[in-house]
Every structure is written in C-alpha cells, then in structure tokens.
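Asks: Next comes the structure file target.cif, holding mmCIF, C-alpha atoms and all ligand atoms.
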```cif
data_final
#
loop_
_atom_site.label_atom_id
_atom_site.label_comp_id
_atom_site.auth_asym_id
_atom_site.auth_seq_id
_atom_site.Cartn_x
_atom_site.Cartn_y
_atom_site.Cartn_z
CA MET A 1 0.00 0.00 0.00
CA LYS A 2 1.28 3.47 -0.95
CA TRP A 3 1.00 6.11 1.78
CA ASN A 4 0.30 9.80 1.35
CA ALA A 5 2.72 10.97 4.04
CA ASP A 6 1.72 14.68 3.78
CA LEU A 7 -1.96 13.93 4.25
CA TYR A 8 -1.11 11.55 7.07
CA ASP A 9 0.68 14.36 8.89
CA GLN A 10 -1.94 17.03 8.21
CA LYS A 11 -5.09 15.08 8.95
CA HIS A 12 -4.06 12.24 11.17
CA ALA A 13 -1.70 13.89 13.62
CA PHE A 14 -3.72 12.24 16.39
CA VAL A 15 -1.83 9.00 15.66
CA PHE A 16 1.44 10.37 17.02
CA LYS A 17 -0.21 12.77 19.50
CA TYR A 18 -1.73 9.80 21.30
CA GLY A 19 1.63 8.08 20.96
CA GLU A 20 3.25 10.70 23.20
CA ASP A 21 1.33 9.09 26.04
CA VAL A 22 2.79 5.66 25.16
CA LEU A 23 6.22 7.23 25.11
CA GLU A 24 5.95 7.84 28.84
CA PHE A 25 5.74 4.07 29.28
CA LEU A 26 8.99 3.69 27.40
CA ASP A 27 10.71 5.82 30.04
CA VAL A 28 13.77 6.63 27.92
CA LYS A 29 17.12 6.85 29.70
CA PRO A 30 19.90 8.95 28.10
CA GLY A 31 22.33 6.83 26.10
CA GLU A 32 19.96 3.90 25.55
CA ARG A 33 19.84 2.30 22.10
CA ILE A 34 16.22 2.31 20.99
CA LEU A 35 14.38 1.13 17.88
CA ASP A 36 11.13 2.87 16.90
CA LEU A 37 9.38 0.15 14.90
CA GLY A 38 6.83 1.41 12.37
CA CYS A 39 7.89 5.00 12.96
CA GLY A 40 5.76 6.58 10.20
CA THR A 41 6.87 10.17 9.62
CA GLY A 42 9.21 10.03 12.60
CA HIS A 43 7.72 12.50 15.11
CA LEU A 44 8.04 10.14 18.08
CA THR A 45 11.46 8.94 16.91
CA LYS A 46 12.64 12.52 17.12
CA GLN A 47 11.16 12.87 20.62
CA ILE A 48 12.98 9.70 21.71
CA GLN A 49 16.25 11.15 20.38
CA ASP A 50 15.57 14.44 22.18
CA LYS A 51 15.35 12.48 25.44
CA GLY A 52 18.97 11.47 24.91
CA ALA A 53 18.62 8.03 23.34
CA VAL A 54 20.53 6.69 20.35
CA VAL A 55 17.50 5.93 18.20
CA LYS A 56 16.71 4.39 14.83
CA GLY A 57 13.26 4.65 13.22
CA THR A 58 12.13 2.05 10.71
CA ASP A 59 9.01 1.72 8.59
CA TYR A 60 7.86 -0.53 5.75
CA SER A 61 6.68 2.48 3.76
CA PRO A 62 9.35 4.28 1.67
CA GLU A 63 7.01 7.31 1.45
CA MET A 64 6.85 7.61 5.24
CA ILE A 65 10.62 7.22 5.62
CA ALA A 66 11.27 9.82 2.88
CA GLN A 67 9.06 12.28 4.76
CA ALA A 68 10.68 11.41 8.12
CA LYS A 69 14.17 12.03 6.69
CA GLN A 70 13.08 15.34 5.27
CA LEU A 71 11.50 16.46 8.55
CA TYR A 72 14.32 15.23 10.80
CA PRO A 73 17.61 14.96 8.87
CA ASP A 74 19.55 14.44 12.13
CA VAL A 75 17.68 11.20 12.98
CA ASP A 76 18.60 7.72 11.68
CA PHE A 77 15.73 6.26 9.59
CA ALA A 78 15.52 3.22 7.32
CA VAL A 79 12.95 1.24 5.35
CA GLU A 80 12.63 -2.17 7.02
CA ASN A 81 10.06 -4.92 7.34
CA ALA A 82 8.85 -5.22 10.95
CA ALA A 83 8.05 -8.91 10.37
CA ASP A 84 11.57 -9.76 9.29
CA PHE A 85 14.51 -7.63 10.38
CA TYR A 86 17.89 -8.24 11.96
CA THR A 87 20.50 -6.17 13.77
CA ASP A 88 24.00 -7.09 14.94
CA GLU A 89 24.08 -4.36 17.57
CA LYS A 90 21.28 -5.07 20.04
CA TYR A 91 18.80 -2.56 21.47
CA ASP A 92 17.92 -1.67 25.08
CA ALA A 93 14.31 -1.17 24.00
CA VAL A 94 12.01 -1.55 21.03
CA PHE A 95 9.12 0.92 20.90
CA SER A 96 6.12 0.77 18.60
CA ASN A 97 3.05 2.98 18.37
CA ALA A 98 0.02 2.31 16.15
CA ALA A 99 1.97 0.11 13.75
CA LEU A 100 1.90 -3.55 14.82
CA HIS A 101 -1.71 -4.06 13.69
CA TRP A 102 -0.46 -3.60 10.11
CA VAL A 103 1.91 -6.55 10.55
CA LEU A 104 -0.16 -9.64 9.79
CA ASP A 105 2.83 -11.90 10.48
CA ALA A 106 2.81 -11.19 14.24
CA ASN A 107 5.12 -14.12 15.01
CA GLY A 108 7.68 -12.77 12.55
CA ALA A 109 7.53 -9.34 14.22
CA ILE A 110 7.81 -10.69 17.77
CA ARG A 111 10.69 -13.02 16.79
CA SER A 112 12.57 -10.15 15.08
CA VAL A 113 12.02 -7.83 18.07
CA PHE A 114 13.15 -10.52 20.53
CA ASN A 115 16.33 -11.19 18.54
CA SER A 116 17.09 -7.48 18.25
CA LEU A 117 16.97 -6.86 22.03
CA LYS A 118 19.70 -7.22 24.64
CA LYS A 119 18.95 -9.59 27.50
CA GLY A 120 16.75 -7.64 29.91
CA GLY A 121 15.68 -5.31 27.09
CA ARG A 122 12.07 -4.18 26.84
CA PHE A 123 9.41 -4.15 24.14
CA VAL A 124 6.95 -1.31 24.74
CA ALA A 125 4.07 -0.98 22.32
CA GLU A 126 0.56 0.14 21.62
CA MET A 127 -1.55 -1.17 18.74
CA GLY A 128 -5.18 -1.71 17.82
CA GLY A 129 -6.64 -4.42 20.03
CA LYS A 130 -9.50 -6.88 19.52
CA GLY A 131 -12.65 -5.01 18.50
CA ASN A 132 -10.74 -1.97 17.22
CA VAL A 133 -12.87 0.08 14.76
CA GLU A 134 -15.22 -2.88 14.76
CA ARG A 135 -18.29 -0.91 13.70
CA LEU A 136 -16.39 0.66 10.82
CA ILE A 137 -15.09 -2.70 9.60
CA GLU A 138 -18.55 -4.26 9.88
CA ALA A 139 -20.21 -1.40 7.97
CA THR A 140 -17.51 -1.51 5.28
CA LYS A 141 -17.91 -5.26 4.79
CA GLN A 142 -21.72 -5.02 4.63
CA VAL A 143 -21.68 -2.26 2.03
CA LEU A 144 -19.04 -4.04 -0.09
CA HIS A 145 -21.15 -7.23 -0.01
CA ASN A 146 -24.23 -5.23 -1.02
CA HIS A 147 -22.29 -3.94 -4.03
CA GLY A 148 -21.20 -7.48 -4.97
CA TYR A 149 -17.56 -7.02 -3.89
CA ASN A 150 -17.50 -10.17 -1.80
CA GLU A 151 -13.77 -10.83 -2.09
CA LYS A 152 -12.90 -7.24 -1.19
CA ALA A 153 -15.23 -7.44 1.80
CA ASP A 154 -13.14 -10.32 3.14
CA THR A 155 -9.80 -8.50 2.75
CA LYS A 156 -7.74 -8.92 5.91
CA VAL A 157 -6.14 -5.53 6.31
CA TRP A 158 -5.28 -5.47 10.03
CA TYR A 159 -4.57 -7.76 12.95
CA PHE A 160 -6.29 -6.64 16.17
CA PRO A 161 -5.47 -9.28 18.81
CA SER A 162 -6.90 -9.81 22.28
CA VAL A 163 -4.75 -9.68 25.41
CA GLY A 164 -4.74 -13.49 25.50
CA GLU A 165 -3.69 -13.91 21.88
CA TYR A 166 -0.86 -11.40 21.87
CA THR A 167 0.58 -12.09 25.31
CA THR A 168 0.60 -15.82 24.52
CA LYS A 169 2.67 -15.12 21.43
CA LEU A 170 5.00 -12.85 23.41
CA GLU A 171 5.51 -15.55 26.03
CA GLU A 172 6.01 -18.26 23.41
CA HIS A 173 8.89 -16.23 22.00
CA GLY A 174 10.55 -15.83 25.42
CA PHE A 175 9.17 -12.51 26.69
CA ARG A 176 7.83 -11.93 30.20
CA VAL A 177 4.83 -9.61 29.98
CA THR A 178 5.06 -7.15 32.87
CA TYR A 179 2.15 -4.91 31.88
CA VAL A 180 -0.82 -5.17 29.55
CA ILE A 181 -4.07 -3.26 29.10
CA HIS A 182 -6.87 -3.42 26.51
CA TYR A 183 -8.89 -0.22 26.68
CA ASP A 184 -11.50 1.79 24.77
CA ARG A 185 -10.26 5.03 23.26
CA LYS A 186 -13.04 6.80 21.45
CA THR A 187 -11.10 8.74 18.82
CA PRO A 188 -12.35 12.01 17.22
CA LEU A 189 -12.44 12.13 13.42
CA GLN A 190 -11.83 15.37 11.56
CA ASP A 191 -14.00 16.94 8.84
CA GLY A 192 -17.47 16.15 10.23
CA ASP A 193 -19.55 13.88 8.03
CA GLN A 194 -16.60 13.52 5.63
CA GLY A 195 -14.43 12.06 8.38
CA VAL A 196 -15.33 8.40 7.89
CA ALA A 197 -14.71 8.58 4.12
CA LYS A 198 -11.37 10.31 4.69
CA TRP A 199 -10.32 7.78 7.33
CA ILE A 200 -11.14 4.83 5.05
CA THR A 201 -9.43 6.48 2.07
CA MET A 202 -6.29 6.99 4.19
CA PHE A 203 -6.12 3.79 6.21
CA GLY A 204 -8.46 1.28 4.56
CA ALA A 205 -7.64 1.94 0.91
CA GLN A 206 -7.10 -1.79 0.33
CA PHE A 207 -10.85 -2.38 0.76
CA LEU A 208 -11.59 -0.04 -2.16
CA ASP A 209 -8.68 -0.67 -4.54
CA GLY A 210 -9.81 -0.98 -8.14
CA ILE A 211 -13.42 0.14 -7.55
CA PRO A 212 -14.47 2.89 -10.03
CA ALA A 213 -14.32 6.40 -8.49
CA ASP A 214 -18.05 7.19 -8.61
CA GLU A 215 -19.00 3.84 -7.07
CA LYS A 216 -16.28 4.28 -4.43
CA GLU A 217 -17.84 7.61 -3.48
CA GLN A 218 -21.25 5.98 -3.23
CA ILE A 219 -19.84 3.14 -1.09
CA LEU A 220 -18.16 5.60 1.27
CA ALA A 221 -21.42 7.57 1.60
CA GLU A 222 -23.31 4.35 2.45
CA ILE A 223 -20.72 3.33 5.06
CA THR A 224 -20.94 6.81 6.59
CA LYS A 225 -24.74 6.55 6.78
CA LYS A 226 -24.53 3.19 8.57
CA LEU A 227 -22.06 4.59 11.09
CA GLU A 228 -23.80 7.89 11.75
CA PRO A 229 -25.98 6.66 14.67
CA PHE A 230 -22.87 5.35 16.45
CA TYR A 231 -20.16 7.78 15.37
CA ASN A 232 -21.92 11.17 15.20
CA GLU A 233 -22.33 12.86 18.58
CA ASN A 234 -23.88 16.29 17.97
CA GLY A 235 -21.77 16.91 14.87
CA GLN A 236 -18.48 15.56 16.27
CA TRP A 237 -17.69 12.14 14.81
CA TYR A 238 -15.78 9.51 16.78
CA ALA A 239 -14.36 6.11 15.81
CA ASP A 240 -14.56 3.13 18.17
CA TYR A 241 -10.85 2.60 18.76
CA LYS A 242 -9.68 -0.07 21.20
CA ARG A 243 -6.01 -0.15 22.15
CA LEU A 244 -3.74 -2.93 23.29
CA ARG A 245 -0.76 -1.60 25.24
CA PHE A 246 1.98 -3.74 26.72
CA ILE A 247 5.46 -3.92 28.17
CA ALA A 248 7.35 -7.19 27.68
CA VAL A 249 10.87 -7.98 28.88
CA LYS A 250 13.39 -10.29 27.19
CA GLU A 251 14.34 -12.76 29.93
C1 LIG B 1 -5.22 2.25 14.78
O1 LIG B 1 -4.33 3.01 15.15
O2 LIG B 1 -5.90 1.60 15.56
C2 LIG B 1 -5.48 2.07 13.33
C3 LIG B 1 -5.01 3.00 12.46
C4 LIG B 1 -5.22 2.81 11.13
C5 LIG B 1 -5.87 1.70 10.68
C6 LIG B 1 -6.33 0.77 11.57
C7 LIG B 1 -6.13 0.96 12.91
#
```
Just give me the structure as structure tokens.

Replies:
Amino acid sequence: MKWNADLYDQKHAFVFKYGEDVLEFLDVKPGERILDLGCGTGHLTKQIQDKGAVVKGTDYSPEMIAQAKQLYPDVDFAVENAADFYTDEKYDAVFSNAALHWVLDANGAIRSVFNSLKKGGRFVAEMGGKGNVERLIEATKQVLHNHGYNEKADTKVWYFPSVGEYTTKLEEHGFRVTYVIHYDRKTPLQDGDQGVAKWITMFGAQFLDGIPADEKEQILAEITKKLEPFYNENGQWYADYKRLRFIAVKE
C-alpha cells in the first residue's frame, strides 16, 4: 500500500499525538539504544532522540521514511520490514506505536524484536486491540457485499489481537509480559460527516482498490450513513478505537 505521508501528517496527527502518552511508558534513559518500529513520519522517533537516546526509526513504507528524513535529517531512519529484520548491535528497548496491527505476520515481528533486544531489554508498544474500529469494519464489509464485492469485503487488512492472543505469542517467544491493558479510546475524526470517508481512504484503501471512483464515493457515503448513529455525537464524529498496550521484557 502506498501512503500519502503529507496527508497523514496534516489530517491524522492524532496518531502520534496519542503516541506521546505511550512514550511515557517507554521511560527513555539517556544513552539507551532504541528502535522505533513502524515510525511513520518520525515524530516520536525525534522525541525519543531528544530524550537522549541513540535511536533508529524504521518503517515498511518508503514514502513515510522519505518524509521522516526530510523532517528530521539528524535522525537515523531506514525502510525495514517489521516482520523480518535483523540487527548485529542489540537494542535496550524496542518501541512501537500504532503500527503492529499492520503486521499480519505477528510471530515474525515478535521473533525479530526478541532477537534485536539485549537480554533484559524491553518491548513497549501500543496497537489496535481486539474489537478496534469494529463498527467501521462491519459497515464496510456489509456495504461491499451489497455492491457485490465479496472478495474485497473479506480482505484482511489489520490484525487486532486480544490480550490473551498477543501475550501468549510474546511468552512463546521468550518474553515476560510485565504490563498489559486493553482499553477503549473513542477517537475524534476530523472533517465532520466527511471524516469516515477520509479515514477509510487513508487507512483502509485496500478495501476499495480498483473500484471505479463514482461507485467508491457511493460506497463511502453508504458506510458513513450506517455509522452515523454510532459515530456522530452532535456533529463531532468519533471512531470506536480499542487499544492494546503492553510492556514485555526479554528474559
Ligand atoms: C489504529 O491506530 O488503531 C489504526 C489506524 C489505522 C488503521 C487501523 C487501525
């Protein structure tokens, strides 16, 4: 999937704004070697560096990394696959905000993170958890089915695991999970009744790939209509985000 990194920064700044809260859990110590996995346009990577860490930001998207390098030329960024990466020099911590749900090969990601950490190193992350944007996914699937796009409706775009699923995987790979929480975070959407369409166009483009433009517009309008009773609160629209946040230590 090709990302529009400018639009991501302008309209979806909430992704890294919420991430600042997760950063507190990372509790950066000066001099630590830290990997920011799925760093997007690099805003949190820069904040980690400003706290005195030796940081590297990686992302699967070349567009995101190009934007990150342009914004923060003094930070180390690289295009890497979170499900399959390797480093000789090990990290004190791996941090990840709002990225791991894009990695369908969760075992590959956890194995790579484990191997990249020093003994005693920590993996601190937040991602979409089970039930994340459930109403939006349900409405999207229903409307795609109604339009005869049955295969598209079944596209698996994200992985939103439960506490049990993800912590089991972490433990199977050798981590000790010292903290985990699965919580509701109702998330405001911008642009009023255009917000759902814009969110899907930005993040769920795979559902709509190849559908003619006028039909796509119609589909987005129908999804919006289905979601209105749940998402529209007196003109402010919210999405039903659910977050999974954890700290896991390499034993
Ligand atoms: C999330 O942060 O939960 C999310 C963002 C984009 C697509 C899906 C989930």

Asks: Write out as a ChimeraX atom specification the residues lying within 12 Å of A:Tyr18, counting only C-alpha atoms and excluding same-chain residues fewer than 3 positions away.

Replies: /A:12-15,21-24,43-44,97-98,126-127,185-188,241,243

Asks: Can you tell me, as AutoDock Vina command-line options, the centre and edge lengths (Å, one decimal) of the axis-aligned box enclosing all of ligand LIG 1 (chain B)'s listed atoms after padding each side by 6 Å?

Replies:
```
--center_x -5.3 --center_y 1.9 --center_z 13.1 --size_x 14.0 --size_y 14.2 --size_z 16.9
```

Asks: For A:Val133, list every protein, DNA or RNA residue within 12 Å, evaluated using all atoms listed in the file, and leave out those in the same chain fewer than 5 positions away; present the list as a PyMOL selection string.

Replies: chain A and resi 101+128+138-140+158-160+184-187+196+199-200+203-204+227+230-231+238-243

Asks: Identify, on the basis of all atoms listed in the file, every residue whose closest approach to A:Gly108 does not exceed 9 Å; exclude the query and any residue fewer than 4 positions from it along the same chain; express the result as JSON, numbers by chain.

Replies: {"A": [82, 83, 84, 85, 103, 104, 112, 113]}

Asks: Between A:Pro212, A:Gln206, A:Leu244, A:Thr168, which one has atoms that come closest to A:His182, using all atoms listed in the file?

Replies: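 Smallest separation from A:His182 among the options: A:Leu244.
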
Asks: What is the distance, in Å and to one decimal place, between atom CA of A:Asn150 and atom CA of A:Gly192?

Replies: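 Spanning atom CA of A:Asn150 to atom CA of A:Gly192 is a straight-line distance of 28.9 Å.
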
Asks: To one decimal in Å, tell me the separation between atom CA of A:Lys118 and atom CA of A:Glu172.

Replies: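 The value is 17.6 Å.
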
Asks: Counting only C-alpha atoms, note down every residue that has an atom within 7 Å of the point (11.3, 1.8, 17.6) (file coordinates), as a PyMOL selection string.

Replies: chain A and resi 34-39+56-58+94-96

Asks: Atom CA of A:Asp92 and atom CA of A:Arg33 are how many Å apart?

Replies: 5.3 Å

Asks: Let me make sure I understand: among A:Asn107, A:Asn146, A:Gln236, A:Asn115, which one has the smallest atom-to-atom distance to A:Ile219 if we use all atoms listed in the file?

Replies: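 Closest to A:Ile219 of all the choices is A:Asn146.
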
Asks: From the set A:Ala99, A:Leu208, A:Ala93, A:Val124, which residue has the shortest atom-to-atom contact distance to A:Tyr149, counting only C-alpha atoms?

Replies: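 Checking each of A:Ala99, A:Leu208, A:Ala93, A:Val124 against A:Tyr149, counting only C-alpha atoms, the winner is A:Leu208.
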
Asks: For each of A:Trp237, A:Tyr179, A:Phe246, A:Trp102, take the minimum atom-to-atom distance to ligand LIG 1 (chain B), counting all atoms listed in the file, then give the residue where this is smallest.

Replies: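 Nearest to ligand LIG 1 (chain B): A:Trp102.
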
Asks: I need the residue nearest ligand LIG 1 (chain B) from this list: A:His145, A:Lys169, A:Lys250, A:Lys17. Use all atoms listed in the file for the distance.

Replies: A:Lys17

Asks: For A:Leu117, which of A:Pro229, A:Pro62, A:Gly174, A:Gly19 is the closest residue, counting all atoms listed in the file?

Replies: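 Going through A:Pro229, A:Pro62, A:Gly174, A:Gly19 one by one, the smallest distance to A:Leu117 is for A:Gly174.
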
Asks: Please return stretch 173-192 of chain A, rebuilt to N, CA, C and O atoms, as a PDB file, in the frame of the given file.

Replies:
```pdb
ATOM      1  N   HIS A 173       7.600 -16.630  22.572  1.00  0.00           N
ATOM      2  CA  HIS A 173       8.890 -16.230  22.000  1.00  0.00           C
ATOM      3  C   HIS A 173       9.929 -15.904  23.080  1.00  0.00           C
ATOM      4  O   HIS A 173      11.046 -15.506  22.763  1.00  0.00           O
ATOM      5  N   GLY A 174       9.558 -16.010  24.342  1.00  0.00           N
ATOM      6  CA  GLY A 174      10.550 -15.830  25.420  1.00  0.00           C
ATOM      7  C   GLY A 174      10.408 -14.546  26.203  1.00  0.00           C
ATOM      8  O   GLY A 174      11.261 -14.245  27.049  1.00  0.00           O
ATOM      9  N   PHE A 175       9.372 -13.750  25.927  1.00  0.00           N
ATOM     10  CA  PHE A 175       9.170 -12.510  26.690  1.00  0.00           C
ATOM     11  C   PHE A 175       8.418 -12.800  27.992  1.00  0.00           C
ATOM     12  O   PHE A 175       7.597 -13.718  28.060  1.00  0.00           O
ATOM     13  N   ARG A 176       8.671 -11.964  29.005  1.00  0.00           N
ATOM     14  CA  ARG A 176       7.830 -11.930  30.200  1.00  0.00           C
ATOM     15  C   ARG A 176       7.020 -10.644  30.117  1.00  0.00           C
ATOM     16  O   ARG A 176       7.577  -9.544  30.020  1.00  0.00           O
ATOM     17  N   VAL A 177       5.699 -10.785  30.129  1.00  0.00           N
ATOM     18  CA  VAL A 177       4.830  -9.610  29.980  1.00  0.00           C
ATOM     19  C   VAL A 177       4.631  -8.996  31.360  1.00  0.00           C
ATOM     20  O   VAL A 177       4.044  -9.613  32.250  1.00  0.00           O
ATOM     21  N   THR A 178       5.126  -7.772  31.537  1.00  0.00           N
ATOM     22  CA  THR A 178       5.060  -7.150  32.870  1.00  0.00           C
ATOM     23  C   THR A 178       3.894  -6.191  32.999  1.00  0.00           C
ATOM     24  O   THR A 178       3.555  -5.763  34.093  1.00  0.00           O
ATOM     25  N   TYR A 179       3.280  -5.839  31.844  1.00  0.00           N
ATOM     26  CA  TYR A 179       2.150  -4.910  31.880  1.00  0.00           C
ATOM     27  C   TYR A 179       1.345  -5.110  30.612  1.00  0.00           C
ATOM     28  O   TYR A 179       1.914  -5.237  29.521  1.00  0.00           O
ATOM     29  N   VAL A 180       0.017  -5.151  30.750  1.00  0.00           N
ATOM     30  CA  VAL A 180      -0.820  -5.170  29.550  1.00  0.00           C
ATOM     31  C   VAL A 180      -2.187  -4.573  29.874  1.00  0.00           C
ATOM     32  O   VAL A 180      -2.696  -4.756  30.978  1.00  0.00           O
ATOM     33  N   ILE A 181      -2.735  -3.821  28.918  1.00  0.00           N
ATOM     34  CA  ILE A 181      -4.070  -3.260  29.100  1.00  0.00           C
ATOM     35  C   ILE A 181      -4.764  -3.195  27.730  1.00  0.00           C
ATOM     36  O   ILE A 181      -4.118  -2.943  26.710  1.00  0.00           O
ATOM     37  N   HIS A 182      -6.054  -3.471  27.729  1.00  0.00           N
ATOM     38  CA  HIS A 182      -6.870  -3.420  26.510  1.00  0.00           C
ATOM     39  C   HIS A 182      -7.990  -2.438  26.825  1.00  0.00           C
ATOM     40  O   HIS A 182      -8.871  -2.755  27.619  1.00  0.00           O
ATOM     41  N   TYR A 183      -7.942  -1.264  26.258  1.00  0.00           N
ATOM     42  CA  TYR A 183      -8.890  -0.220  26.680  1.00  0.00           C
ATOM     43  C   TYR A 183      -9.572   0.466  25.494  1.00  0.00           C
ATOM     44  O   TYR A 183      -9.054   0.451  24.374  1.00  0.00           O
ATOM     45  N   ASP A 184     -10.746   1.048  25.787  1.00  0.00           N
ATOM     46  CA  ASP A 184     -11.500   1.790  24.770  1.00  0.00           C
ATOM     47  C   ASP A 184     -10.917   3.197  24.665  1.00  0.00           C
ATOM     48  O   ASP A 184     -10.674   3.833  25.687  1.00  0.00           O
ATOM     49  N   ARG A 185     -10.700   3.637  23.452  1.00  0.00           N
ATOM     50  CA  ARG A 185     -10.260   5.030  23.260  1.00  0.00           C
ATOM     51  C   ARG A 185     -11.034   5.639  22.101  1.00  0.00           C
ATOM     52  O   ARG A 185     -10.606   5.607  20.943  1.00  0.00           O
ATOM     53  N   LYS A 186     -12.208   6.132  22.449  1.00  0.00           N
ATOM     54  CA  LYS A 186     -13.040   6.800  21.450  1.00  0.00           C
ATOM     55  C   LYS A 186     -12.201   7.898  20.808  1.00  0.00           C
ATOM     56  O   LYS A 186     -11.652   8.748  21.514  1.00  0.00           O
ATOM     57  N   THR A 187     -12.058   7.853  19.483  1.00  0.00           N
ATOM     58  CA  THR A 187     -11.100   8.740  18.820  1.00  0.00           C
ATOM     59  C   THR A 187     -11.812   9.710  17.864  1.00  0.00           C
ATOM     60  O   THR A 187     -12.505   9.265  16.937  1.00  0.00           O
ATOM     61  N   PRO A 188     -11.675  11.028  18.085  1.00  0.00           N
ATOM     62  CA  PRO A 188     -12.350  12.010  17.220  1.00  0.00           C
ATOM     63  C   PRO A 188     -11.864  11.922  15.782  1.00  0.00           C
ATOM     64  O   PRO A 188     -10.662  11.730  15.540  1.00  0.00           O
ATOM     65  N   LEU A 189     -12.799  12.055  14.845  1.00  0.00           N
ATOM     66  CA  LEU A 189     -12.440  12.130  13.420  1.00  0.00           C
ATOM     67  C   LEU A 189     -12.589  13.575  12.984  1.00  0.00           C
ATOM     68  O   LEU A 189     -13.484  14.278  13.459  1.00  0.00           O
ATOM     69  N   GLN A 190     -11.738  13.988  12.068  1.00  0.00           N
ATOM     70  CA  GLN A 190     -11.830  15.370  11.560  1.00  0.00           C
ATOM     71  C   GLN A 190     -12.833  15.441  10.414  1.00  0.00           C
ATOM     72  O   GLN A 190     -13.219  14.437   9.852  1.00  0.00           O
ATOM     73  N   ASP A 191     -13.214  16.657  10.054  1.00  0.00           N
ATOM     74  CA  ASP A 191     -14.000  16.940   8.840  1.00  0.00           C
ATOM     75  C   ASP A 191     -15.446  16.448   8.902  1.00  0.00           C
ATOM     76  O   ASP A 191     -16.034  16.086   7.871  1.00  0.00           O
ATOM     77  N   GLY A 192     -16.026  16.415  10.082  1.00  0.00           N
ATOM     78  CA  GLY A 192     -17.470  16.150  10.230  1.00  0.00           C
ATOM     79  C   GLY A 192     -17.930  14.915   9.508  1.00  0.00           C
ATOM     80  O   GLY A 192     -17.304  13.846   9.632  1.00  0.00           O
TER      81      GLY A 192
END
```
